[in-house]
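A.B. asks: File name my_file-v1.csv; file contents CSV, C-alpha atoms; full text below.
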```csv
chain,number,residue,atom,x,y,z
A,1,MET,CA,-67.4,96.1,-2.8
A,2,ARG,CA,-69.0,95.7,0.6
A,3,HIS,CA,-72.7,96.1,1.3
A,4,ARG,CA,-74.3,96.4,4.7
A,5,HIS,CA,-77.2,94.0,4.8
A,6,ARG,CA,-80.2,95.1,6.8
A,7,ASP,CA,-82.5,92.1,6.2
A,8,ARG,CA,-82.3,88.6,4.7
A,9,PHE,CA,-78.8,87.8,5.9
A,10,THR,CA,-77.1,85.1,8.0
A,11,VAL,CA,-74.2,85.6,10.4
A,12,VAL,CA,-71.5,82.9,9.8
A,13,GLY,CA,-68.4,82.7,11.9
A,14,ASN,CA,-65.0,82.5,10.2
A,15,HIS,CA,-64.3,79.3,12.1
A,16,LEU,CA,-66.8,77.8,9.6
A,17,ALA,CA,-66.3,80.0,6.5
A,18,GLN,CA,-62.5,79.5,6.7
A,19,HIS,CA,-62.3,76.0,8.3
A,20,PRO,CA,-59.0,74.5,7.2
A,21,ALA,CA,-60.2,70.9,7.2
A,22,LEU,CA,-63.7,71.1,5.7
A,23,SER,CA,-64.3,70.8,2.0
A,24,GLY,CA,-65.8,73.7,0.2
A,25,LEU,CA,-69.1,71.7,-0.3
A,26,ALA,CA,-69.3,71.0,3.5
A,27,ILE,CA,-68.8,74.7,4.3
A,28,GLY,CA,-71.5,75.6,1.7
A,29,VAL,CA,-73.9,73.0,3.1
A,30,GLY,CA,-73.2,74.2,6.6
A,31,VAL,CA,-73.9,77.8,5.7
A,32,ARG,CA,-77.1,76.7,4.0
A,33,ILE,CA,-78.3,74.9,7.1
A,34,GLN,CA,-77.4,77.8,9.3
A,35,SER,CA,-79.5,80.2,7.2
A,36,LEU,CA,-82.6,78.0,7.6
A,37,PRO,CA,-85.2,78.6,10.4
A,38,ASP,CA,-85.5,76.1,13.2
A,39,GLY,CA,-87.6,73.1,12.3
A,40,ALA,CA,-86.7,73.2,8.6
A,41,ASP,CA,-86.3,69.9,6.7
A,42,VAL,CA,-82.6,69.3,6.1
A,43,SER,CA,-82.7,65.7,5.0
A,44,VAL,CA,-80.4,64.6,2.3
A,45,LYS,CA,-83.3,64.5,-0.2
A,46,ARG,CA,-84.4,68.0,0.7
A,47,LEU,CA,-81.0,69.5,0.5
A,48,ALA,CA,-80.5,67.8,-2.9
A,49,LEU,CA,-83.5,69.7,-4.1
A,50,LEU,CA,-82.1,73.0,-2.9
A,51,LEU,CA,-78.5,72.5,-4.1
A,52,PRO,CA,-77.1,71.4,-7.5
A,53,GLU,CA,-75.0,68.6,-5.8
A,54,GLY,CA,-76.3,65.0,-5.7
A,55,GLU,CA,-77.3,63.0,-2.6
A,56,ILE,CA,-74.0,61.2,-2.3
A,57,SER,CA,-72.0,64.4,-2.2
A,58,ILE,CA,-74.4,66.0,0.3
A,59,ARG,CA,-74.3,63.0,2.6
A,60,ARG,CA,-70.5,63.2,2.6
A,61,ALA,CA,-70.6,66.9,3.4
A,62,LEU,CA,-73.0,66.2,6.3
A,63,ASN,CA,-70.7,63.6,7.7
A,64,GLU,CA,-67.8,66.1,7.5
A,65,LEU,CA,-69.9,68.6,9.5
A,66,VAL,CA,-70.8,65.9,12.1
A,67,ALA,CA,-67.1,65.0,12.5
A,68,ALA,CA,-66.2,68.7,12.9
A,69,GLY,CA,-68.8,69.2,15.6
A,70,TYR,CA,-71.2,71.5,13.7
A,71,LEU,CA,-73.9,68.9,13.3
A,72,GLU,CA,-75.4,66.3,15.7
A,73,ARG,CA,-77.8,63.5,14.7
A,74,ARG,CA,-80.4,62.5,17.3
A,75,ARG,CA,-82.8,59.6,16.7
A,76,VAL,CA,-86.3,60.4,17.9
A,77,ALA,CA,-89.0,57.7,18.4
A,78,LEU,CA,-92.4,58.7,16.9
A,79,GLY,CA,-94.3,55.7,18.2
A,80,GLY,CA,-95.6,52.7,16.3
A,81,GLY,CA,-92.1,51.6,15.4
A,82,ARG,CA,-91.4,54.8,13.4
A,83,TYR,CA,-88.4,57.0,14.0
A,84,ALA,CA,-87.1,60.4,12.7
A,85,THR,CA,-83.8,62.1,12.8
A,86,ARG,CA,-83.4,65.4,14.5
A,87,LEU,CA,-80.3,67.3,13.4
A,88,VAL,CA,-79.0,69.8,15.9
A,89,TRP,CA,-76.9,72.6,14.3
A,90,TYR,CA,-74.2,74.4,16.4
A,91,ASP,CA,-73.4,77.9,15.2
A,92,LYS,CA,-70.1,77.3,17.0
A,93,PRO,CA,-68.9,73.9,18.0
A,94,GLY,CA,-68.3,73.5,21.7
A,95,ALA,CA,-71.7,74.7,22.9
A,96,VAL,CA,-73.1,72.4,25.5
A,97,PRO,CA,-76.0,70.3,24.0
A,98,VAL,CA,-79.5,70.9,25.4
A,99,SER,CA,-80.6,68.1,27.7
A,100,GLU,CA,-82.8,65.5,26.0
A,101,ALA,CA,-85.3,65.9,28.8
A,102,ALA,CA,-85.9,69.6,27.9
A,103,PRO,CA,-87.6,70.5,24.6
A,104,VAL,CA,-85.3,72.1,22.1
A,105,PRO,CA,-86.3,75.7,21.5
A,106,GLY,CA,-87.8,76.4,18.1
A,107,VAL,CA,-88.2,72.8,16.9
A,108,ALA,CA,-91.5,72.1,15.2
A,109,ALA,CA,-93.2,68.7,15.3
A,110,VAL,CA,-90.7,66.2,14.1
A,111,SER,CA,-91.8,64.2,11.0
A,112,GLU,CA,-90.0,61.4,9.2
A,113,GLY,CA,-86.8,62.8,7.8
A,114,ALA,CA,-84.6,65.4,9.4
A,115,ALA,CA,-85.6,68.5,11.3
A,116,VAL,CA,-82.9,71.0,12.2
A,117,SER,CA,-82.7,72.9,15.5
A,118,LYS,CA,-80.1,75.3,16.7
A,119,GLY,CA,-77.9,74.3,19.6
A,120,ALA,CA,-78.1,76.4,22.8
A,121,PRO,CA,-75.5,76.9,25.5
A,122,ALA,CA,-76.0,75.4,28.9
A,123,PRO,CA,-78.3,77.3,31.3
A,124,ALA,CA,-76.6,79.6,33.8
A,125,ALA,CA,-75.7,78.0,37.1
A,126,VAL,CA,-78.2,78.7,39.9
A,127,ARG,CA,-76.9,79.3,43.4
A,128,PRO,CA,-78.0,76.5,45.8
A,129,GLY,CA,-81.0,77.5,47.8
A,130,THR,CA,-82.1,80.2,45.3
A,131,PRO,CA,-85.6,79.5,44.1
A,132,PRO,CA,-85.9,79.4,40.3
A,133,SER,CA,-87.3,82.5,38.8
A,134,SER,CA,-90.8,82.1,37.3
A,135,PRO,CA,-91.1,82.7,33.6
A,136,ALA,CA,-92.4,86.1,32.6
A,137,ALA,CA,-96.1,86.2,31.8
A,138,PRO,CA,-96.8,86.2,28.0
A,139,PRO,CA,-97.9,89.5,26.5
A,140,SER,CA,-101.7,90.0,26.5
A,141,GLY,CA,-104.2,92.4,24.9
A,142,PRO,CA,-105.7,92.7,21.4
A,143,ALA,CA,-102.4,93.6,19.7
A,144,ALA,CA,-100.5,90.7,21.3
A,145,ALA,CA,-103.3,88.3,20.4
A,146,LEU,CA,-103.3,89.5,16.8
A,147,LEU,CA,-99.5,89.1,16.5
A,148,ALA,CA,-99.5,85.6,18.1
A,149,ARG,CA,-102.2,84.4,15.6
A,150,LEU,CA,-100.1,85.4,12.6
A,151,ARG,CA,-98.4,82.0,12.6
A,152,ALA,CA,-101.8,80.5,11.8
A,153,ALA,CA,-101.9,82.5,8.6
A,154,ASP,CA,-98.3,81.6,7.7
A,155,SER,CA,-96.0,79.3,9.6
A,156,ARG,CA,-93.0,81.6,8.8
A,157,LEU,CA,-94.4,84.3,11.0
A,158,VAL,CA,-93.7,82.7,14.3
A,159,LEU,CA,-92.9,85.3,16.9
A,160,SER,CA,-91.3,85.0,20.4
A,161,CYS,CA,-92.9,86.6,23.4
A,162,ARG,CA,-90.2,89.3,23.3
A,163,ASP,CA,-91.0,90.0,19.6
A,164,VAL,CA,-94.8,90.3,20.4
A,165,GLU,CA,-94.1,92.6,23.3
A,166,ARG,CA,-91.9,94.8,21.1
A,167,LEU,CA,-94.3,94.9,18.1
A,168,ALA,CA,-97.5,95.3,20.1
A,169,PRO,CA,-97.3,99.2,20.5
A,170,ALA,CA,-97.1,99.5,16.7
A,171,VAL,CA,-100.2,97.3,16.3
A,172,ASP,CA,-101.9,99.4,18.9
A,173,GLY,CA,-101.2,102.5,16.8
A,174,TRP,CA,-103.1,100.8,13.9
A,175,LEU,CA,-106.0,99.8,16.1
A,176,ALA,CA,-106.2,103.4,17.6
A,177,LEU,CA,-106.9,104.7,14.0
A,178,GLY,CA,-110.1,102.6,14.0
A,179,ILE,CA,-108.7,99.9,11.7
A,180,GLU,CA,-110.1,96.5,12.5
A,181,GLY,CA,-107.8,93.7,13.6
A,182,ALA,CA,-108.8,91.6,10.5
A,183,GLN,CA,-107.5,94.4,8.2
A,184,VAL,CA,-104.3,94.6,10.1
A,185,THR,CA,-103.8,90.9,9.7
A,186,ARG,CA,-104.5,91.1,6.0
A,187,THR,CA,-101.9,93.9,5.6
A,188,LEU,CA,-99.2,91.9,7.5
A,189,THR,CA,-99.9,88.6,5.7
A,190,SER,CA,-100.7,89.6,2.1
A,191,ALA,CA,-98.1,89.5,-0.7
A,192,LEU,CA,-95.6,87.4,1.3
A,193,PRO,CA,-92.6,85.8,-0.4
A,194,PRO,CA,-93.3,82.5,-2.1
A,195,ALA,CA,-93.8,79.6,0.3
A,196,HIS,CA,-90.4,78.0,-0.4
A,197,VAL,CA,-88.6,81.3,0.5
A,198,PRO,CA,-87.8,81.4,4.2
A,199,ILE,CA,-88.5,84.6,6.3
A,200,HIS,CA,-85.4,84.6,8.4
A,201,HIS,CA,-86.3,87.5,10.6
A,202,PRO,CA,-90.2,87.7,10.9
A,203,ALA,CA,-90.1,90.3,13.6
A,204,ARG,CA,-88.1,92.7,11.5
A,205,PHE,CA,-90.3,91.9,8.5
A,206,LEU,CA,-93.4,92.7,10.4
A,207,ALA,CA,-91.9,95.8,12.0
A,208,TYR,CA,-91.1,97.2,8.5
A,209,ARG,CA,-94.7,96.6,7.3
A,210,LEU,CA,-96.2,98.1,10.4
A,211,ALA,CA,-94.1,101.3,10.0
A,212,THR,CA,-94.2,101.8,6.2
A,213,GLN,CA,-97.8,100.8,5.5
A,214,LEU,CA,-99.5,102.7,8.4
A,215,PRO,CA,-102.4,104.7,6.9
A,216,PRO,CA,-102.9,108.3,7.8
A,217,PRO,CA,-105.7,109.2,10.3
A,218,LEU,CA,-109.0,110.1,8.9
A,219,PRO,CA,-109.5,113.9,8.3
A,220,ALA,CA,-111.6,115.7,10.8
A,221,GLU,CA,-115.3,116.0,9.9
A,222,ALA,CA,-116.6,119.5,9.1
A,223,PRO,CA,-118.8,120.9,11.9
A,224,SER,CA,-122.5,120.5,11.2
A,225,PRO,CA,-124.5,123.7,10.7
A,226,PRO,CA,-126.7,124.8,13.6
A,227,PRO,CA,-130.3,123.6,13.3
A,228,LEU,CA,-132.8,125.9,11.7
A,229,ALA,CA,-135.3,127.7,13.9
A,230,PRO,CA,-138.9,126.3,13.8
A,231,LEU,CA,-141.5,127.9,11.5
A,232,VAL,CA,-144.0,130.0,13.6
A,233,SER,CA,-146.6,132.7,12.8
A,234,CYS,CA,-145.6,136.3,13.0
A,235,ASP,CA,-147.5,138.1,15.9
A,236,GLY,CA,-148.1,141.1,13.6
A,237,CYS,CA,-149.2,139.7,10.3
A,238,GLU,CA,-149.5,136.0,10.8
A,239,ARG,CA,-146.9,135.3,8.1
A,240,ALA,CA,-144.7,132.3,8.7
A,241,VAL,CA,-141.2,133.2,10.1
A,242,ARG,CA,-138.4,131.2,11.7
A,243,SER,CA,-137.8,132.2,15.3
A,244,HIS,CA,-136.8,130.8,18.7
A,245,GLY,CA,-138.2,133.9,20.6
A,246,PRO,CA,-141.4,134.2,22.6
A,247,ASP,CA,-142.7,137.1,20.4
A,248,PRO,CA,-141.9,136.2,16.8
A,249,LEU,CA,-142.0,139.0,14.3
A,250,CYS,CA,-141.2,139.2,10.6
A,251,ALA,CA,-138.8,141.8,9.4
A,252,ASP,CA,-141.6,144.2,8.2
A,253,CYS,CA,-143.5,144.0,11.5
A,254,ARG,CA,-140.2,144.5,13.5
A,255,ALA,CA,-139.4,147.6,11.5
A,256,ALA,CA,-143.0,149.0,11.8
A,257,ARG,CA,-143.0,148.7,15.6
A,258,GLY,CA,-139.8,150.7,16.0
A,259,PRO,CA,-136.9,150.1,18.4
A,260,GLU,CA,-139.1,150.1,21.5
A,261,GLY,CA,-141.6,147.6,20.1
A,262,ARG,CA,-144.5,150.2,19.8
A,263,ALA,CA,-146.5,150.7,16.7
A,264,ALA,CA,-145.1,153.6,14.6
A,265,ALA,CA,-147.3,156.7,14.2
```
Please go through the file and, once you have read it, give me the structure as structure tokens.
C.D. replies:
Amino acid sequence: MRHRHRDRFTVVGNHLAQHPALSGLAIGVGVRIQSLPDGADVSVKRLALLLPEGEISIRRALNELVAAGYLERRRVALGGGRYATRLVWYDKPGAVPVSEAAPVPGVAAVSEGAAVSKGAPAPAAVRPGTPPSSPAAPPSGPAAALLARLRAADSRLVLSCRDVERLAPAVDGWLALGIEGAQVTRTLTSALPPAHVPIHHPARFLAYRLATQLPPPLPAEAPSPPPLAPLVSCDGCERAVRSHGPDPLCADCRAARGPEGRAAA
């Protein structure tokens, strides 16, 4: 019975799922690593907490993945004689490793242990004499700033510049309704999954909330009644009447004077 997943799914190639030489545990550990976000802790101790297997079995599975080209271990100096291991995961072996001189996209600050980053193909060749294209300017404006600051509320809500540019019009729709930015942030960051549950596609997650939780516009206010005329004295009997005219008359005096304003006989 097949089901079309629309969120919380991971794409895994059959070259891994049906690998003829990897053990079932190695395939399972590989799928687990591929489902995690960049920068996640995938040390042996951390994986042992996530999986029912012990550390020895998990270490063997990781060694299998290294031998098959899915995993690469890189030793990173932290200073002060301290080192950490950065694990680079290749969705498909054979991708050209990113140069050590260039930062690996999506890798958070490396701590002692192991942080995973996803391998990227080599950059496209540039024709000699062609000046390198300058990077696109990051999105700006209140909506873009609000979206960029979401990662301060929850580190799982990290968005790329492209994600921010795509989601900004939806946030502008909220702000156009007179909703303050702080309220939009609370709506997007409240009742999130537990901290140990990853948000694999934060842009889709936020797009869904922006679309489904958009409040209706406020109803139009009823028009206010016209202001009352001021109280003045009737020219005929000195009674108080409300009038804007230069010759205020009460109803009785108006009837007594007749249609032409002269006193009735």
A.B. asks: Leaving out region 63-70 of chain A and any residue of its chain fewer than 2 positions from it, which residues lie within 12 Å of it when counting all atoms listed in the file, given as a PyMOL selection string?
C.D. replies: chain A and resi 13+15-16+19-31+33-34+44+56-61+72-74+87-97+116-119
A.B. asks: For CA of Gly39 (chain A) and CA of Pro202 (chain A), quote the distance in Å rounded to one decimal.
C.D. replies: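 CA of Gly39 (chain A) sits 14.9 Å away from CA of Pro202 (chain A).
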A.B. asks: Any idea what the distance is between CA of Arg204 (chain A) and CA of Ala153 (chain A)?
C.D. replies: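 About the pair CA of Arg204 (chain A) and CA of Ala153 (chain A): they are 17.4 Å apart.
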A.B. asks: Name the residues in contact with Leu147 (chain A) at a cut-off of 9 Å, using only C-alpha atoms, excluding same-chain residues fewer than 6 positions from it; report them as a ChimeraX atom specification.
C.D. replies: /A:157-159,164,167-168,171,185
A.B. asks: Nearest to Leu71 (chain A) among A:Arg166, A:Arg86, A:Arg186, A:Arg149, with distances taken over only C-alpha atoms: which residue is it?
C.D. replies: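 For Leu71 (chain A), the nearest of the candidates is A:Arg86.
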A.B. asks: Taking (-83.4, 89.2, 7.0) in the coordinates of the supplied file, I want to know which residues reach to within 9 Å of it, counting only C-alpha atoms; could you give the answer as a PyMOL selection string?
C.D. replies: chain A and resi 5-10+199-202+204-205
A.B. asks: Tell me which of A:Ala144, A:Leu78, A:Cys237, A:Leu36 sits closest to Cys253 (chain A), counting only C-alpha atoms.
C.D. replies: A:Cys237
A.B. asks: Rounded to one decimal in Å, what is the spacing between CA of Thr189 (chain A) and CA of Leu206 (chain A)?
C.D. replies: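 Separating CA of Thr189 (chain A) from CA of Leu206 (chain A) is a distance of 9.0 Å.
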A.B. asks: For Pro198 (chain A), list every protein, DNA or RNA residue within 8 Å, evaluated using only C-alpha atoms, and leave out those in the same chain fewer than 3 positions away; present the list as a list in words.
C.D. replies: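 Result of the neighbour search: Leu36, Pro37, Arg156, Pro193 and Ala195 of chain A.
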A.B. asks: Write the residues of the preceding selection, restricted to C-alpha atoms, as a PDB file, in the frame of the given file.
C.D. replies:
```
ATOM      1  CA  LEU A  36     -82.600  78.000   7.600  1.00  0.00           C
ATOM      2  CA  PRO A  37     -85.200  78.600  10.400  1.00  0.00           C
ATOM      3  CA  ARG A 156     -93.000  81.600   8.800  1.00  0.00           C
ATOM      4  CA  PRO A 193     -92.600  85.800  -0.400  1.00  0.00           C
ATOM      5  CA  ALA A 195     -93.800  79.600   0.300  1.00  0.00           C
TER       6      ALA A 195
END
```
